[in-house]
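A quick write-up on the structure given underneath.
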Amino acid sequence: MKHYTSIYDIDNINSWIEEAKAIKTNPFKHIQLGKNKTLGLLFFNSSLRTRLSTQKAALNLGMNPIVMNVSGDAWGIEFGDGTVMNGSTAEHIKEAAAVVSQYCDVIAVRAFPTLKNKAKDESEQVMNAFKKYASVPIVNMESATGHPLQGLTDALTISEYAKVTKPKVVLSWAPHIKALPHAVANSFIQAMQKMDVEFVITNPEGYDLNPEITKNTPIYHNQEEAFKNADFVYAKNWSSYEDYGKVNKTDSNWMITKAKLGGAKFMHCLPVRRNVVVEDAVLDSDSSLVIEQANNRTYAAQLVLKKLLEDL
Amino acid sequence: MKHYTSIYDIDNINSWIEEAKAIKTNPFKHIQLGKNKTLGLLFFNSSLRTRLSTQKAALNLGMNPIVMNVSGDAWGIEFGDGTVMNGSTAEHIKEAAAVVSQYCDVIAVRAFPTLKNKAKDESEQVMNAFKKYASVPIVNMESATGHPLQGLTDALTISEYAKVTKPKVVLSWAPHIKALPHAVANSFIQAMQKMDVEFVITNPEGYDLNPEITKNTPIYHNQEEAFKNADFVYAKNWSSYEDYGKVNKTDSNWMITKAKLGGAKFMHCLPVRRNVVVEDAVLDSDSSLVIEQANNRTYAAQLVLKKLLEDL
Amino acid sequence: MKHYTSIYDIDNINSWIEEAKAIKTNPFKHIQLGKNKTLGLLFFNSSLRTRLSTQKAALNLGMNPIVMNVSGDAWGIEFGDGTVMNGSTAEHIKEAAAVVSQYCDVIAVRAFPTLKNKAKDESEQVMNAFKKYASVPIVNMESATGHPLQGLTDALTISEYAKVTKPKVVLSWAPHIKALPHAVANSFIQAMQKMDVEFVITNPEGYDLNPEITKNTPIYHNQEEAFKNADFVYAKNWSSYEDYGKVNKTDSNWMITKAKLGGAKFMHCLPVRRNVVVEDAVLDSDSSLVIEQANNRTYAAQLVLKKLLEDL
């Protein structure tokens, strides 16, 4: 594997899940693999779980993680070709990516979408520029349109907790007060489409995600109908894709409640706003898998880094 | 030991001091103890000495330190039970503490008081929430009401430099232009109350500290009287406890001078404002122990981490 | 070697270059040398290359790097002697430097000039105060008047790519929209003056650098004339030294172009503003050594750290 920037980089999700489970059983087994190797973690946006879990994954492999918080202001990066750089950008991505490649054996990048310019966001400018101009593997720590470390984590978690051969998994939109990206939802959809699960999406009208990602996954605009016989309910807010980046609906009817959930397990990538996205009664019950998901972030990241290190 | 969040977590201060001295003699002796263990250092407030010394302590034990500067704005944490989180807080401490526990074997937290709301500060909301919701040991790197790593450091330093069996130790209020917390003073008092020393406090009227902490330690409102025959003078500013968080007095009569100090050793936790808290002639003399105190921060933190690691 | 804060600390540049080349061939050979040693990296100003390459160098030697971003506001350091510190500064450099020395075996410091007060900048207040009050070696990661890690890097790079015994090296001023420091130019000049090269400087009138640094190096105010038969062209903007810190000229006639460059190799310390300092056609050609320079930053830093560790 050359890079890990999308769920589509997973060649066989079932074998990946098995390997992640093996890593979880014995996380320090491959501590020699990353010896004298450096992981650069570049954050254009802030992070808690992703930063800590990816650092932990690197340490478990014996790598040296180096964290850089790249504030857009302090280190304005130019992406345009042929630009006369007499404005606010001080360094071109051609140099920046090539330079960081001199010090790091793998580069992990987080760069959120604008949620204002759909075409720009969908071009995945930052992630693709790093892939183009860096000379080392790139890991996506959440980009404009995907969060494949989270998607892999979620696939692992569902595999661990599934009690039937082909569980029913529901991705449900839930309310939020701010405009949030589509990245987590997109990668979850792509992961579920690769798994042997019955997968449906439910969201209000006007909140259908990119049809190139949802493909033929059923979309229900009636949450109750979608939740019938669910084994896993994955909640996530996203802003409108059609009316790009807009928050047209915040009413609490779509909040996940214990009553709605029934016997299903509850999943969320965190951070989660309690009693807005989901009620306390869910998060504080045994039905919630959110902490276990957070734990699995380490093993998903470790699997990805292991595969990249093995192919260096 | 489960957590280290207060001087009261020290079961036997004399044996702790002896063990800290042994660590100082051979700081890398236990470098295998922390192998593959991660220390998360979460700073809600900035830090120089505490951050560097605690990182160094972790490294001396072979641990991997991971530093997170948690700006209150960027990562607004909710502490209220049952809150509908539709405001500025994005993650509940229930999730935050549980999640960080997935990646770190020990969590160290710094969170200063408001100095505006006495009840809130005394509830030690942040530290207690981490203790309640984290699944790993918590270390207090200075909280609203205590700084037990500093207090342990100070006890070690006094033990090292005491020339008599039962030295006289004076904690003296000193002037400052800003409202400062009570944490350092509180932990120093608690540590001295456990030591075999003659301990007195001196501060202007209106600056008596919490009587539940000072207990029956003598408090002098006359600095000169308190300093008589002192072996150690520990200077520290704090804002009023009675008139909570207020600075009602900044006159320089209480500044520590060489003349006042006499033959006593001078101590301060640093940073110190020269010629406001204490005059140059003291800090630049052999009477000052402030750099040795700073050095001992490493061994105090290392002892605490060692005890926590041994009990994991 | 006690400190590395200037190119003048290099006793024999040719033997240093040979040793740096040996390190580059086998970067992990001395990984035991830094075992249990800590490098403190203190940034009063932001950094990409210097931070990553110096961290990488430390890791290659087995050291533990600890990064501190010292914002001038948050940690106002007092440098004046005898100051009554009742203003914005919270800690005196006497304490700050001595304290950091307790936790770090080597301290690396970055502190840019004001570009407003020539006398203050030339006094190298920050770097000299660290040298005076720290008890461990100090490394200059770019100060008011010098960037000796960059200068050493550049000497190494020229030695690697020189095709003739005594190559012609030209340092050329190039346009920029902001007032930039003289540090990189100064250290490059000092390094070239130690090398067996034909070295000339070219800049517009009014942009001559400090004559105590340029000494008898020829200065051309005609760029074309200077570039004749050049083997290496090192481009760098700097603000006026005579009219201190001013930008009196930004016209693009001084931009480096492929046509001007001829067969010479192009060098720049980065970051570089494309099509302002140098045109795309240069940076995107085989004539550019900028990425190789960035790579050599690691080995220059590693050589310096190695020498300091050997003399601890």
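Going through the structure tokens in order, the chains are called A, B, and so on, while each chain numbers its residues from 1 and the ligands are numbered from 1 in the order shown.
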TODO: Provide as a PyMOL selection string the residues of chain C at most 7 Å from chain A, counting only C-alpha atoms.
DONE: chain C and resi 52-53+56+177+271-276+280+291+294-295
Open item on the list: So that I can check the secondary structure, give me every residue of region 42-195 of chain B assigned alpha helix (DSSP H) by backbone DSSP, as a PyMOL selection string.
Closed with: chain B and resi 49-60+93-103+118-122+125-133+148-161+183-194
Open item on the list: Excluding Ala129 (chain B) and its own-chain neighbours fewer than 2 positions away, which residues fall within 8 Å of it when counting only C-alpha atoms? Please give them as a VMD selection string.
Closed with: chain B and resid 79 93 to 94 97 125 to 127 131 to 134
Restrict the selected residues to C-alpha atoms and save them as a PDB file, in the first residue's frame.
```pdb
ATOM      1  CA  PHE B  79     -19.101  19.055  33.308  1.00  0.00           C
ATOM      2  CA  ILE B  93     -16.029  15.031  30.544  1.00  0.00           C
ATOM      3  CA  LYS B  94     -17.632  11.564  30.774  1.00  0.00           C
ATOM      4  CA  ALA B  97     -11.836  11.279  30.381  1.00  0.00           C
ATOM      5  CA  GLN B 125     -14.574  20.088  39.276  1.00  0.00           C
ATOM      6  CA  VAL B 126     -11.960  19.192  36.653  1.00  0.00           C
ATOM      7  CA  MET B 127      -9.701  17.024  38.809  1.00  0.00           C
ATOM      8  CA  LYS B 131     -10.877  10.857  38.791  1.00  0.00           C
ATOM      9  CA  LYS B 132     -14.499   9.823  38.405  1.00  0.00           C
ATOM     10  CA  TYR B 133     -14.637   9.178  34.672  1.00  0.00           C
ATOM     11  CA  ALA B 134     -11.100   8.145  33.728  1.00  0.00           C
TER      12      ALA B 134
END
```
If DSSP is run on the backbone, what residues of region 19-84 of chain C are strand (DSSP E)? A reply as a PDB file with all heavy atoms, in the first residue's frame would be ideal.
```pdb
ATOM      1  N   THR C  38      18.252  14.708  27.050  1.00  0.00           N
ATOM      2  CA  THR C  38      17.093  15.450  26.576  1.00  0.00           C
ATOM      3  C   THR C  38      17.523  16.728  25.868  1.00  0.00           C
ATOM      4  O   THR C  38      18.377  17.453  26.366  1.00  0.00           O
ATOM      5  CB  THR C  38      16.195  15.798  27.780  1.00  0.00           C
ATOM      6  OG1 THR C  38      15.806  14.582  28.410  1.00  0.00           O
ATOM      7  CG2 THR C  38      14.956  16.545  27.344  1.00  0.00           C
ATOM      8  N   LEU C  39      16.928  16.960  24.704  1.00  0.00           N
ATOM      9  CA  LEU C  39      17.123  18.234  24.002  1.00  0.00           C
ATOM     10  C   LEU C  39      15.867  19.076  24.176  1.00  0.00           C
ATOM     11  O   LEU C  39      14.779  18.663  23.768  1.00  0.00           O
ATOM     12  CB  LEU C  39      17.379  17.986  22.508  1.00  0.00           C
ATOM     13  CG  LEU C  39      17.437  19.250  21.641  1.00  0.00           C
ATOM     14  CD1 LEU C  39      18.659  20.098  21.981  1.00  0.00           C
ATOM     15  CD2 LEU C  39      17.426  18.900  20.156  1.00  0.00           C
ATOM     16  N   GLY C  40      16.015  20.233  24.786  1.00  0.00           N
ATOM     17  CA  GLY C  40      14.902  21.175  24.873  1.00  0.00           C
ATOM     18  C   GLY C  40      14.938  22.114  23.686  1.00  0.00           C
ATOM     19  O   GLY C  40      15.969  22.728  23.424  1.00  0.00           O
ATOM     20  N   LEU C  41      13.835  22.198  22.955  1.00  0.00           N
ATOM     21  CA  LEU C  41      13.763  23.117  21.810  1.00  0.00           C
ATOM     22  C   LEU C  41      12.797  24.237  22.167  1.00  0.00           C
ATOM     23  O   LEU C  41      11.591  24.001  22.275  1.00  0.00           O
ATOM     24  CB  LEU C  41      13.281  22.394  20.550  1.00  0.00           C
ATOM     25  CG  LEU C  41      14.151  21.239  20.049  1.00  0.00           C
ATOM     26  CD1 LEU C  41      13.540  19.913  20.461  1.00  0.00           C
ATOM     27  CD2 LEU C  41      14.306  21.275  18.529  1.00  0.00           C
ATOM     28  N   LEU C  42      13.314  25.426  22.353  1.00  0.00           N
ATOM     29  CA  LEU C  42      12.488  26.569  22.766  1.00  0.00           C
ATOM     30  C   LEU C  42      12.278  27.503  21.582  1.00  0.00           C
ATOM     31  O   LEU C  42      13.227  28.087  21.068  1.00  0.00           O
ATOM     32  CB  LEU C  42      13.169  27.337  23.899  1.00  0.00           C
ATOM     33  CG  LEU C  42      13.507  26.551  25.167  1.00  0.00           C
ATOM     34  CD1 LEU C  42      14.014  27.508  26.250  1.00  0.00           C
ATOM     35  CD2 LEU C  42      12.301  25.793  25.695  1.00  0.00           C
ATOM     36  N   PHE C  43      11.031  27.636  21.185  1.00  0.00           N
ATOM     37  CA  PHE C  43      10.713  28.484  20.034  1.00  0.00           C
ATOM     38  C   PHE C  43      10.017  29.756  20.495  1.00  0.00           C
ATOM     39  O   PHE C  43       8.871  29.721  20.921  1.00  0.00           O
ATOM     40  CB  PHE C  43       9.836  27.728  19.034  1.00  0.00           C
ATOM     41  CG  PHE C  43      10.560  26.609  18.356  1.00  0.00           C
ATOM     42  CD1 PHE C  43      10.439  25.303  18.792  1.00  0.00           C
ATOM     43  CD2 PHE C  43      11.406  26.873  17.283  1.00  0.00           C
ATOM     44  CE1 PHE C  43      11.138  24.271  18.180  1.00  0.00           C
ATOM     45  CE2 PHE C  43      12.101  25.851  16.663  1.00  0.00           C
ATOM     46  CZ  PHE C  43      11.972  24.541  17.120  1.00  0.00           C
ATOM     47  N   ASN C  64      16.005  12.446  23.590  1.00  0.00           N
ATOM     48  CA  ASN C  64      14.588  12.749  23.703  1.00  0.00           C
ATOM     49  C   ASN C  64      14.382  14.236  23.461  1.00  0.00           C
ATOM     50  O   ASN C  64      14.793  15.048  24.285  1.00  0.00           O
ATOM     51  CB  ASN C  64      14.092  12.409  25.111  1.00  0.00           C
ATOM     52  CG  ASN C  64      14.125  10.934  25.397  1.00  0.00           C
ATOM     53  OD1 ASN C  64      13.598  10.132  24.650  1.00  0.00           O
ATOM     54  ND2 ASN C  64      14.788  10.554  26.484  1.00  0.00           N
ATOM     55  N   PRO C  65      13.763  14.614  22.353  1.00  0.00           N
ATOM     56  CA  PRO C  65      13.482  16.041  22.148  1.00  0.00           C
ATOM     57  C   PRO C  65      12.198  16.458  22.865  1.00  0.00           C
ATOM     58  O   PRO C  65      11.215  15.729  22.857  1.00  0.00           O
ATOM     59  CB  PRO C  65      13.303  16.156  20.628  1.00  0.00           C
ATOM     60  CG  PRO C  65      12.977  14.778  20.150  1.00  0.00           C
ATOM     61  CD  PRO C  65      13.370  13.791  21.204  1.00  0.00           C
ATOM     62  N   ILE C  66      12.239  17.627  23.497  1.00  0.00           N
ATOM     63  CA  ILE C  66      11.036  18.220  24.105  1.00  0.00           C
ATOM     64  C   ILE C  66      10.861  19.611  23.510  1.00  0.00           C
ATOM     65  O   ILE C  66      11.748  20.447  23.625  1.00  0.00           O
ATOM     66  CB  ILE C  66      11.159  18.334  25.636  1.00  0.00           C
ATOM     67  CG1 ILE C  66      11.298  16.943  26.269  1.00  0.00           C
ATOM     68  CG2 ILE C  66       9.944  19.050  26.212  1.00  0.00           C
ATOM     69  CD1 ILE C  66      11.349  16.970  27.806  1.00  0.00           C
ATOM     70  N   VAL C  67       9.720  19.828  22.857  1.00  0.00           N
ATOM     71  CA  VAL C  67       9.467  21.102  22.183  1.00  0.00           C
ATOM     72  C   VAL C  67       8.624  22.012  23.076  1.00  0.00           C
ATOM     73  O   VAL C  67       7.629  21.577  23.642  1.00  0.00           O
ATOM     74  CB  VAL C  67       8.730  20.861  20.847  1.00  0.00           C
ATOM     75  CG1 VAL C  67       8.351  22.182  20.200  1.00  0.00           C
ATOM     76  CG2 VAL C  67       9.587  20.026  19.913  1.00  0.00           C
ATOM     77  N   MET C  68       9.032  23.268  23.212  1.00  0.00           N
ATOM     78  CA  MET C  68       8.229  24.282  23.902  1.00  0.00           C
ATOM     79  C   MET C  68       8.033  25.454  22.953  1.00  0.00           C
ATOM     80  O   MET C  68       9.016  26.048  22.506  1.00  0.00           O
ATOM     81  CB  MET C  68       8.969  24.821  25.132  1.00  0.00           C
ATOM     82  CG  MET C  68       9.084  23.893  26.298  1.00  0.00           C
ATOM     83  SD  MET C  68       7.559  23.716  27.270  1.00  0.00           S
ATOM     84  CE  MET C  68       7.413  25.348  28.004  1.00  0.00           C
ATOM     85  N   ASN C  69       6.789  25.764  22.639  1.00  0.00           N
ATOM     86  CA  ASN C  69       6.516  26.981  21.882  1.00  0.00           C
ATOM     87  C   ASN C  69       6.309  28.115  22.876  1.00  0.00           C
ATOM     88  O   ASN C  69       5.292  28.196  23.541  1.00  0.00           O
ATOM     89  CB  ASN C  69       5.276  26.806  21.000  1.00  0.00           C
ATOM     90  CG  ASN C  69       5.548  25.866  19.837  1.00  0.00           C
ATOM     91  OD1 ASN C  69       6.597  25.925  19.212  1.00  0.00           O
ATOM     92  ND2 ASN C  69       4.615  24.977  19.569  1.00  0.00           N
ATOM     93  N   ILE C  77       9.483  37.132  29.248  1.00  0.00           N
ATOM     94  CA  ILE C  77      10.758  36.968  29.949  1.00  0.00           C
ATOM     95  C   ILE C  77      11.431  38.320  30.111  1.00  0.00           C
ATOM     96  O   ILE C  77      11.514  39.105  29.172  1.00  0.00           O
ATOM     97  CB  ILE C  77      11.679  35.997  29.183  1.00  0.00           C
ATOM     98  CG1 ILE C  77      11.104  34.586  29.278  1.00  0.00           C
ATOM     99  CG2 ILE C  77      13.090  36.030  29.761  1.00  0.00           C
ATOM    100  CD1 ILE C  77      12.046  33.527  28.782  1.00  0.00           C
ATOM    101  N   GLU C  78      11.898  38.550  31.323  1.00  0.00           N
ATOM    102  CA  GLU C  78      12.612  39.784  31.628  1.00  0.00           C
ATOM    103  C   GLU C  78      14.109  39.569  31.418  1.00  0.00           C
ATOM    104  O   GLU C  78      14.662  38.581  31.881  1.00  0.00           O
ATOM    105  CB  GLU C  78      12.334  40.171  33.085  1.00  0.00           C
ATOM    106  CG  GLU C  78      13.047  41.401  33.558  1.00  0.00           C
ATOM    107  CD  GLU C  78      12.635  42.644  32.777  1.00  0.00           C
ATOM    108  OE1 GLU C  78      11.430  42.817  32.514  1.00  0.00           O
ATOM    109  OE2 GLU C  78      13.538  43.421  32.392  1.00  0.00           O
TER     110      GLU C  78
END
```
TODO: Can you pull out every residue within 8 Å of region 189-196 of chain B, counting only C-alpha atoms, but drop anything in the same chain fewer than 4 positions away, and send it as a VMD selection string?
DONE: chain B and resid 7 to 8 13 to 14 151 to 152 155 166 171 185 213 to 214 217
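Counting from CA of Tyr299 (chain B), the distance to CA of Asp231 (chain B) is 23.1 Å.
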- [ ] Fewer than 5 positions away in the same chain doesn't count, so skip those; otherwise give me all residues within 7 Å of region 284-287 of chain A, counting only C-alpha atoms, as an NGL selection string.
- [x] :A and (264-266)
Written selection (N, CA, C and O atoms) as a short mmCIF file (atom, residue, chain, number, x, y, z; two decimals), in the first residue's frame:
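Here's the written file selection02.cif:
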```
data_model
loop_
_atom_site.label_atom_id
_atom_site.label_comp_id
_atom_site.auth_asym_id
_atom_site.auth_seq_id
_atom_site.Cartn_x
_atom_site.Cartn_y
_atom_site.Cartn_z
N ALA A 264 -30.62 -2.28 19.87
CA ALA A 264 -29.44 -2.04 19.03
C ALA A 264 -28.30 -1.44 19.85
O ALA A 264 -28.50 -0.81 20.89
N LYS A 265 -27.09 -1.66 19.36
CA LYS A 265 -25.91 -1.02 19.94
C LYS A 265 -25.79 0.39 19.35
O LYS A 265 -26.09 0.60 18.16
N PHE A 266 -25.32 1.31 20.16
CA PHE A 266 -25.19 2.70 19.72
C PHE A 266 -23.73 3.02 19.43
O PHE A 266 -22.84 2.74 20.22
#
```
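Take CA of Arg110 (chain A) and CA of Pro27 (chain A): the distance between them is 24.4 Å.
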Open item on the list: Set the distance at 10 Å and use only C-alpha atoms: which residues neighbour Lys249 (chain C) once local chain neighbours fewer than 3 positions away are removed? I'd like the list as an NGL selection string.
Closed with: :C and (174-177 or 204-207 or 239-240 or 246 or 252 or 254)
Only N, CA and C atoms, please: the residues just picked out, written as a compact mmCIF listing (two decimals), in the first residue's frame.
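And here is the file that came out, selection.txt:
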```
# COMPACT_ATOMS: atom_id res chain seq x y z
N ALA C 174 17.09 38.91 -3.22
CA ALA C 174 15.95 38.71 -4.14
C ALA C 174 14.74 39.39 -3.53
N PRO C 175 13.76 39.75 -4.33
CA PRO C 175 12.64 40.55 -3.80
C PRO C 175 11.73 39.77 -2.86
N HIS C 176 11.03 40.49 -2.02
CA HIS C 176 10.07 39.92 -1.07
C HIS C 176 9.16 41.05 -0.64
N ILE C 177 7.96 40.71 -0.17
CA ILE C 177 7.03 41.78 0.19
C ILE C 177 7.13 42.17 1.66
N PRO C 204 20.92 45.10 -4.31
CA PRO C 204 20.71 46.47 -4.77
C PRO C 204 21.42 47.44 -3.82
N GLU C 205 21.67 48.62 -4.32
CA GLU C 205 22.20 49.66 -3.44
C GLU C 205 21.24 49.90 -2.29
N GLY C 206 21.78 50.14 -1.13
CA GLY C 206 20.95 50.33 0.05
C GLY C 206 20.70 49.04 0.80
N TYR C 207 21.13 47.92 0.20
CA TYR C 207 20.91 46.62 0.84
C TYR C 207 22.21 45.93 1.25
N SER C 239 15.82 42.57 4.59
CA SER C 239 15.46 43.98 4.66
C SER C 239 16.75 44.80 4.75
N SER C 240 16.61 46.10 4.60
CA SER C 240 17.80 46.95 4.61
C SER C 240 18.51 46.89 5.96
N LYS C 246 13.96 48.24 6.97
CA LYS C 246 13.03 48.79 5.98
C LYS C 246 13.04 47.95 4.69
N SER C 252 10.63 43.39 -9.30
CA SER C 252 10.91 42.00 -9.66
C SER C 252 12.15 41.83 -10.53
N TRP C 254 15.07 41.80 -9.66
CA TRP C 254 16.06 40.99 -8.95
C TRP C 254 15.62 39.54 -8.74
```
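Between CA of Phe232 (chain A) and CA of Asn140 (chain A) the separation is 25.6 Å.
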Name the residues in contact with Met63 (chain A) at a cut-off of 9 Å, using only C-alpha atoms, excluding same-chain residues fewer than 3 positions from it; report them as a compact mmCIF listing (two decimals) with N, CA, C and O atoms, in the first residue's frame.
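Final output, saved to around_35.txt:
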```txt
# COMPACT_ATOMS: atom_id res chain seq x y z
N ILE A 31 7.01 -3.96 17.58
CA ILE A 31 7.65 -2.73 18.06
C ILE A 31 9.01 -2.50 17.39
O ILE A 31 9.54 -1.38 17.42
N GLN A 32 9.56 -3.50 16.77
CA GLN A 32 10.81 -3.31 16.03
C GLN A 32 10.57 -2.74 14.63
O GLN A 32 11.47 -2.18 14.03
N LEU A 33 9.33 -2.89 14.13
CA LEU A 33 9.04 -2.51 12.74
C LEU A 33 9.27 -1.03 12.49
O LEU A 33 9.75 -0.62 11.44
N GLY A 34 8.94 -0.20 13.49
CA GLY A 34 9.04 1.24 13.28
C GLY A 34 10.31 1.85 13.85
O GLY A 34 10.44 3.07 13.89
N LYS A 35 11.24 1.01 14.24
CA LYS A 35 12.48 1.50 14.85
C LYS A 35 13.17 2.52 13.94
O LYS A 35 13.36 2.26 12.74
N ASN A 36 13.52 3.66 14.51
CA ASN A 36 14.21 4.73 13.76
C ASN A 36 13.36 5.32 12.63
O ASN A 36 13.89 6.00 11.75
N LYS A 37 12.06 5.06 12.68
CA LYS A 37 11.14 5.65 11.70
C LYS A 37 10.33 6.76 12.38
O LYS A 37 9.94 6.61 13.54
N THR A 38 10.08 7.80 11.65
CA THR A 38 9.38 8.95 12.19
C THR A 38 8.03 9.14 11.51
O THR A 38 7.93 9.07 10.29
N LEU A 39 7.00 9.34 12.32
CA LEU A 39 5.68 9.70 11.79
C LEU A 39 5.45 11.18 12.04
O LEU A 39 5.45 11.63 13.19
N GLN A 55 -0.76 8.81 17.59
CA GLN A 55 0.53 8.82 18.29
C GLN A 55 0.75 7.49 19.02
O GLN A 55 1.83 6.91 18.97
N ALA A 57 -0.57 4.61 18.36
CA ALA A 57 -0.33 3.55 17.36
C ALA A 57 1.13 3.57 16.91
O ALA A 57 1.78 2.53 16.78
N ALA A 58 1.65 4.77 16.65
CA ALA A 58 3.04 4.90 16.22
C ALA A 58 3.99 4.39 17.30
O ALA A 58 4.94 3.64 17.02
N LEU A 59 3.72 4.76 18.55
CA LEU A 59 4.57 4.31 19.66
C LEU A 59 4.52 2.79 19.80
O LEU A 59 5.54 2.15 20.05
N ASN A 60 3.34 2.22 19.63
CA ASN A 60 3.22 0.76 19.73
C ASN A 60 4.06 0.04 18.68
O ASN A 60 4.47 -1.09 18.87
```
